Amino acid sequence: MTGIHSAPEGEFNAAIVAAGLTGEHVADKVDVLNRLEPEEAAAVLRLLPREAAVEILDKPELDFGAEILEALPHDVAVTLLTGLSADRAADIVQQLQEPHRTELMQGLDPPDPRRPVMDQHLGDGRALLLFVKERSFKPGVNRLEQVIEYV
């Protein structure tokens with residue numbers, strides 16, 4: 001896998017890295033991404049299938065999952081975060097810097113016009129709190145997207 005993250009001109013090329021990761025074990029994919037800058041790793045993850053990107057982000061061996069999510073477009077970051085295991089999602093959310101944390105959490109829990117206005121202001125972390133609560137009391141719920149669907 002040496003040299004897959006370099007284009008012929010010596011510049012970084014996310015497409016070359018993503019193509020080189022095809023068929024590799026997730027541990028090898030994590031190792032490659034750990035050698036990149038967070039912005040480069042984010043560019044690579046955007047080119048991978050969602051399942052592969054989630055599998056990589058879900059590994060605690062990935063050194064900078066929060067920084068990768070911060071470098072991704074908001075909608076992509078929300079999509080990937082909802083696919084992570086509960087523990088990994090919580091770890092990454094705790095590491096996010098503001099305003100990324102607030103923006104990401106609001107993306108998980110968009111305002112509902114049917115809820116009272118005061119209740120809508122609880123969107124800042126509400127989805128994660130529900131997630132933790134539901135995971136604690138509902139066996140078999142281990143992904144944030146399952147809790148969101150359940151609620």
# chains A, B, ... in the order shown; residues from 1 in each chain; ligands from 1
>>> residues_around(residues="Asp31 in chain A", least_positions_apart="5", cutoff="12 Å", atoms="only C-alpha atoms", output="MDAnalysis selection string")
chainID A and resid 1:2 21 24:26 36 41 56:57 59:64
>>> closest_residue(among="A:Ala66, A:Ala15, A:Val76, A:Val54", to="Glu98 in chain A", atoms="only C-alpha atoms")
A:Ala66
>>> residues_around(residues="Leu80 in chain A", least_positions_apart="3", cutoff="9 Å", atoms="only C-alpha atoms", output="MDAnalysis selection string")
chainID A and resid 50:51 53:54 57 69 75:77 83:84
>>> closest_residue(among="A:Glu40, A:Glu103, A:Glu67, A:Asp91", to="Ile16 in chain A", atoms="only C-alpha atoms")
A:Glu40
>>> residues_around(residues="Pro73 in chain A", least_positions_apart="4", cutoff="12 Å", atoms="only C-alpha atoms", output="list of chain:residue names")
A:Glu39, A:Ala42, A:Ala43, A:Leu45, A:Arg46, A:Ile68, A:Leu69, A:Ala77, A:Val78, A:Thr79, A:Leu80, A:His100, A:Glu103, A:Leu104, A:Gly107
